[in-house]
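Student: This is start_29.tsv (TSV, C-alpha atoms).
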chain	number	residue	atom	x	y	z
A	11	MET	CA	-27.61	-0.61	19.83
A	12	ALA	CA	-25.68	2.59	19.86
A	13	PRO	CA	-25.96	4.13	16.41
A	14	VAL	CA	-22.75	6.13	16.67
A	15	GLY	CA	-19.34	4.72	17.45
A	16	PRO	CA	-17.75	5.96	20.61
A	17	ARG	CA	-14.60	7.16	18.89
A	18	SER	CA	-14.16	9.96	16.42
A	19	GLY	CA	-12.03	9.54	13.32
A	20	ASP	CA	-9.55	12.06	14.73
A	21	ALA	CA	-9.14	10.13	17.96
A	22	ILE	CA	-8.52	6.86	16.12
A	23	PHE	CA	-6.12	8.43	13.65
A	24	SER	CA	-4.03	9.91	16.42
A	25	SER	CA	-3.83	6.60	18.27
A	26	ILE	CA	-2.92	4.19	15.47
A	27	ASP	CA	0.45	3.52	13.81
A	28	ARG	CA	1.03	6.03	11.09
A	29	VAL	CA	3.65	6.45	8.41
A	30	ASN	CA	4.98	9.24	6.29
A	31	ALA	CA	2.40	9.82	3.54
A	32	GLU	CA	5.08	10.42	0.90
A	33	LEU	CA	5.95	6.75	0.92
A	34	PHE	CA	2.28	5.86	0.45
A	35	THR	CA	1.68	8.42	-2.28
A	36	LEU	CA	4.83	7.67	-4.24
A	37	THR	CA	4.35	3.91	-3.97
A	38	TYR	CA	0.83	4.17	-5.31
A	39	GLY	CA	2.10	6.41	-8.09
A	40	ALA	CA	4.81	3.92	-8.98
A	41	ILE	CA	2.27	1.08	-9.07
A	42	VAL	CA	-0.02	3.03	-11.41
A	43	ARG	CA	2.93	3.87	-13.61
A	44	GLN	CA	4.10	0.27	-13.78
A	45	LEU	CA	0.56	-0.89	-14.60
A	46	LEU	CA	0.34	1.64	-17.42
A	47	THR	CA	3.55	0.19	-18.84
A	48	ASP	CA	2.56	-3.44	-18.39
A	49	LEU	CA	-1.07	-3.30	-19.46
A	50	GLU	CA	-1.68	-1.59	-22.72
A	51	GLU	CA	-5.25	-0.46	-22.17
A	52	VAL	CA	-6.04	2.35	-19.73
A	53	GLU	CA	-9.37	0.61	-19.13
A	54	GLU	CA	-7.51	-2.46	-17.92
A	55	VAL	CA	-5.44	-0.33	-15.54
A	56	ASN	CA	-8.66	1.13	-14.11
A	57	LYS	CA	-9.93	-2.40	-13.61
A	58	GLN	CA	-6.79	-3.61	-11.84
A	59	LEU	CA	-6.69	-0.57	-9.55
A	60	ASP	CA	-10.31	-1.21	-8.63
A	61	GLN	CA	-9.58	-4.88	-7.99
A	62	MET	CA	-6.60	-3.95	-5.84
A	63	GLY	CA	-8.81	-1.56	-3.86
A	64	TYR	CA	-11.49	-4.20	-3.44
A	65	ASN	CA	-8.99	-6.63	-1.94
A	66	ILE	CA	-7.66	-3.90	0.34
A	67	GLY	CA	-11.20	-2.96	1.44
A	68	ILE	CA	-11.89	-6.55	2.42
A	69	ARG	CA	-8.94	-6.37	4.80
A	70	LEU	CA	-9.39	-2.85	6.08
A	71	ILE	CA	-13.00	-3.33	7.16
A	72	ASP	CA	-11.81	-5.56	10.01
A	73	GLU	CA	-9.47	-2.92	11.27
A	74	PHE	CA	-12.16	-0.29	10.84
A	75	LEU	CA	-14.68	-2.23	12.91
A	76	ALA	CA	-12.15	-3.21	15.55
A	77	LYS	CA	-10.65	0.23	16.08
A	78	SER	CA	-13.67	2.47	15.60
A	79	GLY	CA	-16.02	0.64	17.92
A	80	VAL	CA	-18.78	1.45	15.44
A	81	SER	CA	-21.74	-0.85	15.75
A	82	ARG	CA	-24.45	-1.53	13.23
A	83	CYS	CA	-25.57	1.50	11.26
A	84	VAL	CA	-29.33	2.05	11.22
A	85	ASP	CA	-29.45	2.84	7.54
A	86	PHE	CA	-27.34	3.49	4.47
A	87	LYS	CA	-27.27	7.20	5.28
A	88	GLU	CA	-25.46	6.50	8.48
A	89	THR	CA	-23.14	4.09	6.69
A	90	ALA	CA	-22.13	6.78	4.22
A	91	GLU	CA	-21.49	9.25	7.03
A	92	MET	CA	-19.31	6.69	8.80
A	93	ILE	CA	-17.20	6.16	5.69
A	94	ALA	CA	-16.79	9.88	5.17
A	95	LYS	CA	-16.23	11.00	8.75
A	96	VAL	CA	-14.54	8.01	10.36
A	97	GLY	CA	-13.19	5.80	7.57
A	98	PHE	CA	-11.37	8.40	5.49
A	99	LYS	CA	-10.10	10.09	8.63
A	100	MET	CA	-8.70	7.03	10.33
A	101	PHE	CA	-6.91	5.67	7.27
A	102	LEU	CA	-5.94	8.67	5.19
A	103	GLY	CA	-6.17	11.44	7.77
A	104	VAL	CA	-8.64	13.45	5.73
A	105	THR	CA	-12.35	14.07	6.11
A	106	ALA	CA	-14.93	13.76	3.42
A	107	SER	CA	-18.49	15.02	3.21
A	108	VAL	CA	-21.66	13.33	2.07
A	109	SER	CA	-24.23	15.00	-0.15
A	110	SER	CA	-26.63	14.59	-3.07
A	111	TRP	CA	-28.86	11.93	-1.59
A	112	ASP	CA	-31.53	10.51	-3.84
A	113	ALA	CA	-35.15	10.28	-2.68
A	114	ASP	CA	-35.02	6.75	-1.31
A	115	GLY	CA	-31.70	7.17	0.45
A	116	THR	CA	-29.75	4.56	-1.51
A	117	CYS	CA	-27.45	6.74	-3.55
A	118	CYS	CA	-25.20	9.59	-2.46
A	119	SER	CA	-21.98	11.38	-3.18
A	120	ILE	CA	-18.86	11.34	-1.04
A	121	ILE	CA	-16.78	14.42	-1.66
A	122	LEU	CA	-13.08	14.66	-0.88
A	123	GLU	CA	-11.44	18.04	-0.97
A	124	ASP	CA	-8.09	16.76	0.18
A	125	ASN	CA	-6.67	13.53	-1.20
A	126	PRO	CA	-3.21	12.27	-0.22
A	127	LEU	CA	-3.15	9.85	-3.17
A	128	VAL	CA	-2.64	12.67	-5.63
A	129	ASP	CA	0.05	14.79	-3.99
A	130	PHE	CA	2.72	15.37	-6.66
A	131	VAL	CA	0.51	13.84	-9.38
A	132	GLU	CA	-0.15	15.28	-12.80
A	133	LEU	CA	-1.56	13.20	-15.59
A	134	PRO	CA	-0.04	13.42	-19.04
A	135	ASP	CA	-2.36	13.62	-22.06
A	136	THR	CA	-1.64	10.00	-22.88
A	137	CYS	CA	-3.51	8.94	-19.74
A	138	GLN	CA	-6.92	10.25	-20.75
A	139	GLY	CA	-9.51	7.86	-19.43
A	140	LEU	CA	-7.45	6.83	-16.42
A	141	TYR	CA	-9.22	6.92	-13.10
A	142	TYR	CA	-6.08	7.48	-11.10
A	143	CYS	CA	-7.77	7.09	-7.71
A	144	ASN	CA	-9.75	4.01	-8.67
A	145	VAL	CA	-8.23	2.15	-5.75
A	146	LEU	CA	-10.41	4.22	-3.40
A	147	SER	CA	-13.68	3.28	-5.04
A	148	GLY	CA	-12.57	-0.33	-4.87
A	149	VAL	CA	-11.78	-0.05	-1.17
A	150	ILE	CA	-15.28	1.26	-0.39
A	151	ARG	CA	-16.94	-1.41	-2.51
A	152	GLY	CA	-14.86	-4.19	-0.92
A	153	ALA	CA	-15.35	-2.97	2.63
A	154	LEU	CA	-19.12	-2.57	2.25
A	155	GLU	CA	-19.47	-5.97	0.67
A	156	MET	CA	-17.98	-7.48	3.83
A	157	VAL	CA	-20.79	-5.90	5.82
A	158	SER	CA	-23.48	-7.24	3.50
A	159	MET	CA	-23.90	-4.26	1.21
A	160	LYS	CA	-23.47	-4.63	-2.52
A	161	THR	CA	-22.61	-1.26	-3.94
A	162	GLU	CA	-21.55	0.39	-7.14
A	163	VAL	CA	-18.96	3.12	-6.64
A	164	THR	CA	-18.07	5.47	-9.48
A	165	TRP	CA	-16.09	8.68	-9.87
A	166	THR	CA	-18.25	11.66	-10.80
A	167	ARG	CA	-15.68	14.38	-10.26
A	168	ASP	CA	-11.90	14.16	-10.39
A	169	VAL	CA	-9.48	17.07	-9.93
A	170	LEU	CA	-6.92	15.29	-12.12
A	171	ARG	CA	-9.48	15.46	-14.90
A	172	GLY	CA	-10.12	19.17	-14.38
A	173	ASP	CA	-12.96	19.12	-11.85
A	174	ASP	CA	-12.94	21.12	-8.61
A	175	ALA	CA	-13.12	18.19	-6.17
A	176	TYR	CA	-13.03	14.41	-5.91
A	177	GLU	CA	-16.53	13.00	-5.85
A	178	LEU	CA	-17.52	9.39	-5.60
A	179	GLN	CA	-21.04	8.25	-6.22
A	180	VAL	CA	-21.95	5.37	-3.97
A	181	LYS	CA	-25.04	3.46	-4.94
A	182	LEU	CA	-26.50	0.74	-2.76
A	183	LEU	CA	-27.56	-2.08	-5.07
A	184	LYS	CA	-28.56	-4.75	-2.62
A	185	GLN	CA	-28.48	-5.30	1.06
A	186	VAL	CA	-27.79	-8.96	1.58
A	187	ALA	CA	-29.60	-10.34	4.59
A	188	GLU	CA	-27.13	-11.68	7.09
A	189	GLU	CA	-27.17	-15.40	7.44
A	190	TYR	CA	-25.84	-17.44	10.24
A	191	PRO	CA	-23.27	-19.92	9.17
A	192	TYR	CA	-25.60	-22.69	10.31
A	193	LYS	CA	-29.29	-23.25	9.92
A	194	ASP	CA	-31.62	-24.50	12.63
A	195	ASP	CA	-34.14	-27.23	11.99
A	196	GLU	CA	-33.11	-28.11	8.55
B	151	MET	CA	3.59	19.26	9.65
B	152	VAL	CA	4.41	16.09	7.80
B	153	ARG	CA	1.39	14.46	6.28
B	154	GLU	CA	0.75	10.94	7.52
B	155	VAL	CA	-1.52	8.02	6.70
B	156	ALA	CA	-2.37	4.87	8.63
B	157	GLU	CA	0.37	2.28	8.39
B	158	SER	CA	-2.17	-0.33	7.38
B	159	CYS	CA	-2.76	1.61	4.15
B	160	VAL	CA	0.85	1.07	3.11
B	161	ASP	CA	0.91	-2.53	4.39
B	162	THR	CA	-2.22	-3.58	2.53
B	163	MET	CA	-1.19	-1.74	-0.60
B	164	LEU	CA	2.18	-3.54	-0.70
B	165	MET	CA	0.50	-6.86	-0.02
B	166	GLU	CA	-1.93	-6.32	-2.89
B	167	MET	CA	0.76	-5.07	-5.22
B	168	VAL	CA	2.74	-8.25	-4.63
B	169	ALA	CA	-0.39	-10.41	-4.92
B	170	MET	CA	-1.29	-8.71	-8.19
B	171	TYR	CA	2.09	-9.24	-9.82
B	172	SER	CA	3.08	-12.60	-8.40
B	173	GLY	CA	-0.43	-14.07	-8.23
B	174	ARG	CA	-2.54	-12.62	-11.02
B	175	PHE	CA	-0.17	-11.37	-13.71
B	176	TYR	CA	2.85	-13.63	-13.55
B	177	ALA	CA	1.77	-16.61	-11.48
B	178	ASN	CA	4.03	-18.93	-13.44
B	179	LYS	CA	6.86	-16.52	-14.01
B	180	PRO	CA	8.13	-15.47	-10.62
B	181	GLU	CA	11.24	-13.88	-12.11
B	182	LEU	CA	9.10	-11.50	-14.16
B	183	ALA	CA	6.92	-10.64	-11.16
B	184	ALA	CA	10.09	-9.99	-9.16
B	185	ARG	CA	11.44	-7.68	-11.82
B	186	ARG	CA	8.24	-5.62	-11.90
B	187	ILE	CA	8.04	-5.36	-8.11
B	188	GLU	CA	11.67	-4.32	-7.99
B	189	ALA	CA	11.02	-1.71	-10.67
B	190	ILE	CA	8.18	-0.21	-8.62
B	191	GLY	CA	10.50	-0.01	-5.61
B	192	TYR	CA	13.24	1.52	-7.73
B	193	GLN	CA	10.89	4.28	-8.85
B	194	VAL	CA	9.86	5.01	-5.26
B	195	GLY	CA	13.48	5.03	-4.04
B	196	HIS	CA	14.52	7.34	-6.82
B	197	GLN	CA	11.81	9.86	-5.97
B	198	LEU	CA	12.18	9.65	-2.21
B	199	SER	CA	15.93	10.13	-2.53
B	200	GLU	CA	15.33	13.26	-4.54
B	201	ARG	CA	13.10	14.65	-1.82
B	202	TYR	CA	15.24	13.70	1.16
B	203	THR	CA	18.56	14.91	-0.23
B	204	MET	CA	17.32	18.24	-1.55
B	205	GLU	CA	18.90	20.29	1.19
B	206	ARG	CA	22.14	18.36	1.56
B	207	PRO	CA	25.59	18.78	0.12
B	208	ARG	CA	26.82	16.03	-2.20
B	209	PHE	CA	28.04	12.85	-0.56
B	210	SER	CA	31.79	12.66	-0.70
B	211	ASP	CA	32.02	8.88	-1.11
B	212	HIS	CA	29.99	5.68	-1.24
B	213	LEU	CA	30.17	5.14	2.49
B	214	GLU	CA	28.64	8.56	3.17
B	215	ALA	CA	25.74	7.75	0.86
B	216	ILE	CA	25.23	4.35	2.50
B	217	LYS	CA	25.27	5.97	5.94
B	218	PHE	CA	22.59	8.37	4.74
B	219	ILE	CA	20.42	5.35	3.87
B	220	CYS	CA	21.11	3.71	7.23
B	221	LYS	CA	20.26	6.78	9.28
B	222	ASP	CA	18.19	9.51	7.69
B	223	PHE	CA	16.48	7.57	4.96
B	224	TRP	CA	15.60	4.57	7.09
B	225	SER	CA	14.28	6.87	9.85
B	226	GLU	CA	12.02	8.72	7.43
B	227	VAL	CA	10.57	5.56	5.98
B	228	PHE	CA	10.66	3.08	8.88
B	229	LYS	CA	10.97	5.34	11.93
B	230	LYS	CA	14.14	3.56	13.02
B	231	GLN	CA	17.71	3.30	11.86
B	232	ILE	CA	19.56	0.35	10.40
B	233	ASP	CA	20.98	-1.61	13.35
B	234	ASN	CA	24.25	-2.75	11.89
B	235	LEU	CA	26.36	-1.82	8.90
B	236	LYS	CA	29.23	-3.91	7.63
B	237	THR	CA	31.45	-3.45	4.65
B	238	ASN	CA	34.42	-5.22	3.10
B	239	HIS	CA	35.71	-1.82	1.87
B	240	ARG	CA	35.60	-3.17	-1.66
B	241	GLY	CA	32.12	-2.13	-2.62
B	242	THR	CA	29.99	-4.58	-0.65
B	243	PHE	CA	27.82	-3.28	2.18
B	244	VAL	CA	25.53	-5.25	4.45
B	245	LEU	CA	22.72	-3.33	6.14
B	246	GLN	CA	21.07	-5.23	8.93
B	247	ASP	CA	17.65	-4.28	10.34
B	248	ASN	CA	16.91	-6.40	13.40
B	249	LYS	CA	13.18	-5.82	13.17
B	250	PHE	CA	12.35	-4.94	9.63
B	251	ARG	CA	8.95	-3.30	9.75
B	252	TRP	CA	7.53	-4.81	6.59
B	253	LEU	CA	8.28	-8.30	7.86
B	254	SER	CA	7.23	-7.79	11.46
B	255	ARG	CA	3.81	-9.29	10.79
B	256	VAL	CA	5.09	-12.08	8.62
B	257	SER	CA	5.82	-15.46	9.99
B	258	VAL	CA	7.48	-18.18	8.05
B	259	GLU	CA	6.86	-21.60	9.42
B	260	PRO	CA	9.92	-23.69	9.48
B	261	SER	CA	9.21	-26.93	7.67
B	262	PRO	CA	12.15	-29.04	8.72
B	263	GLU	CA	11.00	-32.43	7.47
B	264	LYS	CA	9.33	-31.56	4.21
B	265	GLU	CA	12.09	-29.61	2.67
B	266	THR	CA	13.07	-32.31	0.25
B	267	GLU	CA	9.64	-32.45	-1.41
B	268	ASP	CA	10.46	-29.88	-4.01
B	269	PRO	CA	13.98	-30.51	-5.23
B	270	SER	CA	14.13	-27.24	-7.17
B	271	THR	CA	14.08	-25.18	-4.01
B	272	PRO	CA	15.92	-27.10	-1.36
B	273	GLY	CA	15.49	-25.68	2.10
B	274	GLU	CA	13.03	-23.05	1.01
B	275	SER	CA	9.35	-23.32	1.77
B	276	LYS	CA	6.57	-21.76	-0.28
B	277	ALA	CA	6.09	-19.19	2.44
B	278	ALA	CA	9.72	-18.18	2.30
B	279	GLN	CA	9.37	-17.71	-1.44
B	280	ALA	CA	6.36	-15.45	-0.88
B	281	VAL	CA	8.32	-13.40	1.62
B	282	SER	CA	11.22	-13.02	-0.75
B	283	MET	CA	8.74	-11.64	-3.32
B	284	TYR	CA	7.94	-8.80	-0.89
B	285	LEU	CA	11.60	-8.06	-0.42
B	286	TYR	CA	12.11	-7.12	-4.04
B	287	PHE	CA	10.27	-3.92	-3.20
B	288	PRO	CA	12.64	-2.60	-0.48
B	289	CYS	CA	15.62	-3.88	-2.50
B	290	GLY	CA	14.34	-1.82	-5.41
B	291	ILE	CA	13.93	1.20	-3.14
B	292	ILE	CA	17.55	0.99	-1.99
B	293	ARG	CA	18.81	0.56	-5.54
B	294	GLY	CA	16.68	3.54	-6.60
B	295	VAL	CA	18.08	5.77	-3.87
B	296	LEU	CA	21.69	4.87	-4.65
B	297	SER	CA	21.21	5.16	-8.35
B	298	ASN	CA	19.80	8.64	-7.85
B	299	LEU	CA	22.94	9.46	-5.89
B	300	GLY	CA	25.06	8.28	-8.80
B	301	ILE	CA	25.97	4.87	-7.42
B	302	PRO	CA	24.94	1.96	-9.64
B	303	CYS	CA	24.60	-1.24	-7.63
B	304	ALA	CA	22.80	-4.54	-7.14
B	305	VAL	CA	20.78	-5.16	-3.97
B	306	SER	CA	19.60	-8.43	-2.49
B	307	ALA	CA	18.02	-9.38	0.82
B	308	ASP	CA	18.73	-12.13	3.30
B	309	ILE	CA	16.09	-13.25	5.78
B	310	SER	CA	17.64	-16.36	7.21
B	311	SER	CA	16.75	-15.19	10.72
B	312	LEU	CA	13.39	-13.39	10.71
B	313	PRO	CA	12.42	-10.71	11.63
B	314	THR	CA	16.03	-9.66	11.06
B	315	CYS	CA	16.57	-8.69	7.49
B	316	SER	CA	19.90	-7.94	5.87
B	317	PHE	CA	20.23	-6.00	2.66
B	318	VAL	CA	23.37	-6.70	0.69
B	319	ILE	CA	24.50	-3.89	-1.59
B	320	ARG	CA	27.13	-4.56	-4.22
B	321	VAL	CA	28.35	-1.41	-5.84
B	322	LYS	CA	29.19	-1.84	-9.50
B	323	ALA	CA	32.76	-0.92	-10.21
Step by step, read the file and then write its structure as structure tokens.
Tutor:
Amino acid sequence: MAPVGPRSGDAIFSSIDRVNAELFTLTYGAIVRQLLTDLEEVEEVNKQLDQMGYNIGIRLIDEFLAKSGVSRCVDFKETAEMIAKVGFKMFLGVTASVSSWDADGTCCSIILEDNPLVDFVELPDTCQGLYYCNVLSGVIRGALEMVSMKTEVTWTRDVLRGDDAYELQVKLLKQVAEEYPYKDDE
Amino acid sequence: MVREVAESCVDTMLMEMVAMYSGRFYANKPELAARRIEAIGYQVGHQLSERYTMERPRFSDHLEAIKFICKDFWSEVFKKQIDNLKTNHRGTFVLQDNKFRWLSRVSVEPSPEKETEDPSTPGESKAAQAVSMYLYFPCGIIRGVLSNLGIPCAVSADISSLPTCSFVIRVKA
């Protein structure tokens, strides 16, 4: 099995249908704003954004697999690299880097220096506690769950909260063994 | 260079936004879900209009503003222009897009025989109702753009012949 997909994130991004990012960025902003109005608790907004991302991730993984030609990753390290180098590139047009691996290779950081979700965004003081980009962590969690990996994805750095980059910690909780939809001899 | 993202990012985000409001938050109150989705569109239209009209002189009349939506605005957002514009010259404009991008992957099955099952919505299947939920978003966008240009109006959509979609704008006198 070839460990690396035949197509780079750049090649896929330039070949797929793309749209003006302003529409994407402003629509996301308007959704967050509406949620802040409709749901009183910032915590609840974080939860809904994560849920929205999870549902999106479940859908996007199919497109990722189909268009990237990536086959099975040998380990979680390769999976993380794929998300950073191919996934972010082909959907958002930006690259991310992977760092801060723990000793057993099940927890790492994905760092985004450029993030189209936050163009034009500034958070007012009343939004303390909001994880504005929570949709992204949800997308990763949802997509990985579809390929049998249960993960926990949390923000460890956020420029909107005064940090110098966007950093997501991705922790592999459980790798679910793949099961065939049928069982022999039972 | 203009920054771009994959189209599927916008598609899935809109799908989830509609699912969230019409499925999770207001499952039994479609009119409230519709209002929220329209409000999100309005916000987006308002902001996009600001950005796309920055370098232009003021529009001299309503028709000029509507033409801006049909040509420049539609091209920026959907990479094509509105195919047909009609007006009664009394404040009603009909903008017809023969292949509206956000509906190009939607199919509504005609259910000719079963239409009488639900008397509250004659002739309209569940699927058609779901589609109309999506359309509150672009309707909101159009209303947001026009409102930002100083033209208060009401906008509705007609999808009686998919994937053609007509947006009906009624300018408030």
Student: Return as an MDAnalysis selection string the residues belonging to chain A that are within 10 Å of chain B, counting all atoms listed in the file.
Tutor: chainID A and resid 22:45 48:49 58:59 61:67 69:70 73 98:104 126 145
Student: Using only C-alpha atoms, which residue out of A:Val180, A:Val169, A:Ala76, A:Ala90 lies closest to Tyr142 of chain A?
Tutor: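 The shortest atom-to-atom distance to Tyr142 of chain A comes from A:Val169.
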Student: Restricting the calculation to all atoms listed in the file, which member of A:Ala106, A:Trp111, A:Ser158, A:Arg171 is positioned closest to Glu132 of chain A?
Tutor: A:Arg171
Student: Between B:Val318, B:Val305, B:Leu312, B:Leu299, which residue has the minimum interatomic distance to Ser210 of chain B, considering only C-alpha atoms?
Tutor: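 Using only C-alpha atoms, the shortest distance to Ser210 of chain B belongs to B:Leu299.
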Student: List the neighbours of segment 211-218 of chain B out to 9 Å using only C-alpha atoms; skip same-chain residues closer than 6 positions along the sequence, and give me the result as a ChimeraX atom specification.
Tutor: /B:224,235,237,239,241,243,245,296,299,301,321
Student: For segment 129-139 of chain A, take all atoms listed in the file, fit an axis-aligned box around them, add 6 Å to each of the six sides, then output centre and edge lengths in Å rounded to one decimal, as lines of an AutoDock Vina configuration file.
Tutor:
center_x = -3.4
center_y = 11.6
center_z = -13.4
size_x = 24.2
size_y = 19.5
size_z = 30.9
Student: Would you compute the distance between atom CA of Gln185 of chain A and atom CA of Lys160 of chain A? Give it in Å to one decimal.
Tutor: 6.2 Å
Student: List as an MDAnalysis selection string the protein and nucleic acid residues near Leu170 of chain A, meaning an atom at most 12 Å away when all atoms listed in the file are counted, but skip any in the same chain fewer than 4 places from it.
Tutor: chainID A and resid 125 127:135 137:143 165:166 174:177
Student: For those residues, write C-alpha atoms to a file as a compact mmCIF listing (two decimals), in the frame of the given file.
Tutor:
# COMPACT_ATOMS: atom_id res chain seq x y z
CA ASN A 125 -6.67 13.53 -1.20
CA LEU A 127 -3.15 9.85 -3.17
CA VAL A 128 -2.64 12.67 -5.63
CA ASP A 129 0.05 14.79 -3.99
CA PHE A 130 2.72 15.37 -6.66
CA VAL A 131 0.51 13.84 -9.38
CA GLU A 132 -0.15 15.28 -12.80
CA LEU A 133 -1.56 13.20 -15.59
CA PRO A 134 -0.04 13.42 -19.04
CA ASP A 135 -2.36 13.62 -22.06
CA CYS A 137 -3.51 8.94 -19.74
CA GLN A 138 -6.92 10.25 -20.75
CA GLY A 139 -9.51 7.86 -19.43
CA LEU A 140 -7.45 6.83 -16.42
CA TYR A 141 -9.22 6.92 -13.10
CA TYR A 142 -6.08 7.48 -11.10
CA CYS A 143 -7.77 7.09 -7.71
CA TRP A 165 -16.09 8.68 -9.87
CA THR A 166 -18.25 11.66 -10.80
CA ASP A 174 -12.94 21.12 -8.61
CA ALA A 175 -13.12 18.19 -6.17
CA TYR A 176 -13.03 14.41 -5.91
CA GLU A 177 -16.53 13.00 -5.85
Student: Just how far from atom CA of Glu54 of chain A is atom CA of Ala183 of chain B, in Å to one decimal?
Tutor: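 That distance, rounded to one decimal, is 17.9 Å.
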Student: Which distance in Å separates atom CA of Thr203 of chain B and atom CA of Arg293 of chain B, to one decimal?
Tutor: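 If I compute the distance from atom CA of Thr203 of chain B to atom CA of Arg293 of chain B, I get 15.3 Å.
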Student: Rank A:Asp20, A:Asp112, A:Asp173, A:Asp72 by their smallest atom-to-atom distance to Phe86 of chain A, using all atoms listed in the file, and report the top residue only.
Tutor: A:Asp112
Student: Would you mind completing segment 164-181 of chain B so that it carries N, CA and C atoms, and writing it out as a tab-separated table (two decimals), in the frame of the given file?
Tutor:
chain	number	residue	atom	x	y	z
B	164	LEU	N	1.03	-2.73	-0.28
B	164	LEU	CA	2.18	-3.54	-0.70
B	164	LEU	C	1.77	-4.99	-0.88
B	165	MET	N	0.96	-5.47	0.06
B	165	MET	CA	0.50	-6.86	-0.02
B	165	MET	C	-0.25	-7.10	-1.33
B	166	GLU	N	-1.14	-6.16	-1.67
B	166	GLU	CA	-1.93	-6.32	-2.89
B	166	GLU	C	-1.09	-6.14	-4.14
B	167	MET	N	-0.11	-5.27	-4.06
B	167	MET	CA	0.76	-5.07	-5.22
B	167	MET	C	1.52	-6.37	-5.52
B	168	VAL	N	2.01	-6.99	-4.45
B	168	VAL	CA	2.74	-8.25	-4.63
B	168	VAL	C	1.79	-9.35	-5.11
B	169	ALA	N	0.59	-9.39	-4.52
B	169	ALA	CA	-0.39	-10.41	-4.92
B	169	ALA	C	-0.76	-10.24	-6.39
B	170	MET	N	-0.90	-8.99	-6.80
B	170	MET	CA	-1.29	-8.71	-8.19
B	170	MET	C	-0.22	-9.21	-9.15
B	171	TYR	N	1.03	-8.86	-8.89
B	171	TYR	CA	2.09	-9.24	-9.82
B	171	TYR	C	2.48	-10.71	-9.72
B	172	SER	N	2.60	-11.22	-8.49
B	172	SER	CA	3.08	-12.60	-8.40
B	172	SER	C	1.93	-13.60	-8.45
B	173	GLY	N	0.70	-13.15	-8.20
B	173	GLY	CA	-0.43	-14.07	-8.23
B	173	GLY	C	-1.25	-13.98	-9.50
B	174	ARG	N	-1.63	-12.76	-9.87
B	174	ARG	CA	-2.54	-12.62	-11.02
B	174	ARG	C	-1.83	-12.48	-12.35
B	175	PHE	N	-0.80	-11.63	-12.40
B	175	PHE	CA	-0.17	-11.37	-13.71
B	175	PHE	C	0.86	-12.42	-14.11
B	176	TYR	N	1.74	-12.75	-13.18
B	176	TYR	CA	2.85	-13.63	-13.55
B	176	TYR	C	2.94	-14.82	-12.62
B	177	ALA	N	1.80	-15.51	-12.44
B	177	ALA	CA	1.77	-16.61	-11.48
B	177	ALA	C	2.82	-17.67	-11.80
B	178	ASN	N	3.08	-17.88	-13.08
B	178	ASN	CA	4.03	-18.93	-13.44
B	178	ASN	C	5.41	-18.40	-13.81
B	179	LYS	N	5.56	-17.10	-13.66
B	179	LYS	CA	6.86	-16.52	-14.01
B	179	LYS	C	7.33	-15.63	-12.88
B	180	PRO	N	7.74	-16.26	-11.78
B	180	PRO	CA	8.13	-15.47	-10.62
B	180	PRO	C	9.24	-14.47	-10.91
B	181	GLU	N	10.12	-14.82	-11.85
B	181	GLU	CA	11.24	-13.88	-12.11
B	181	GLU	C	10.74	-12.60	-12.77
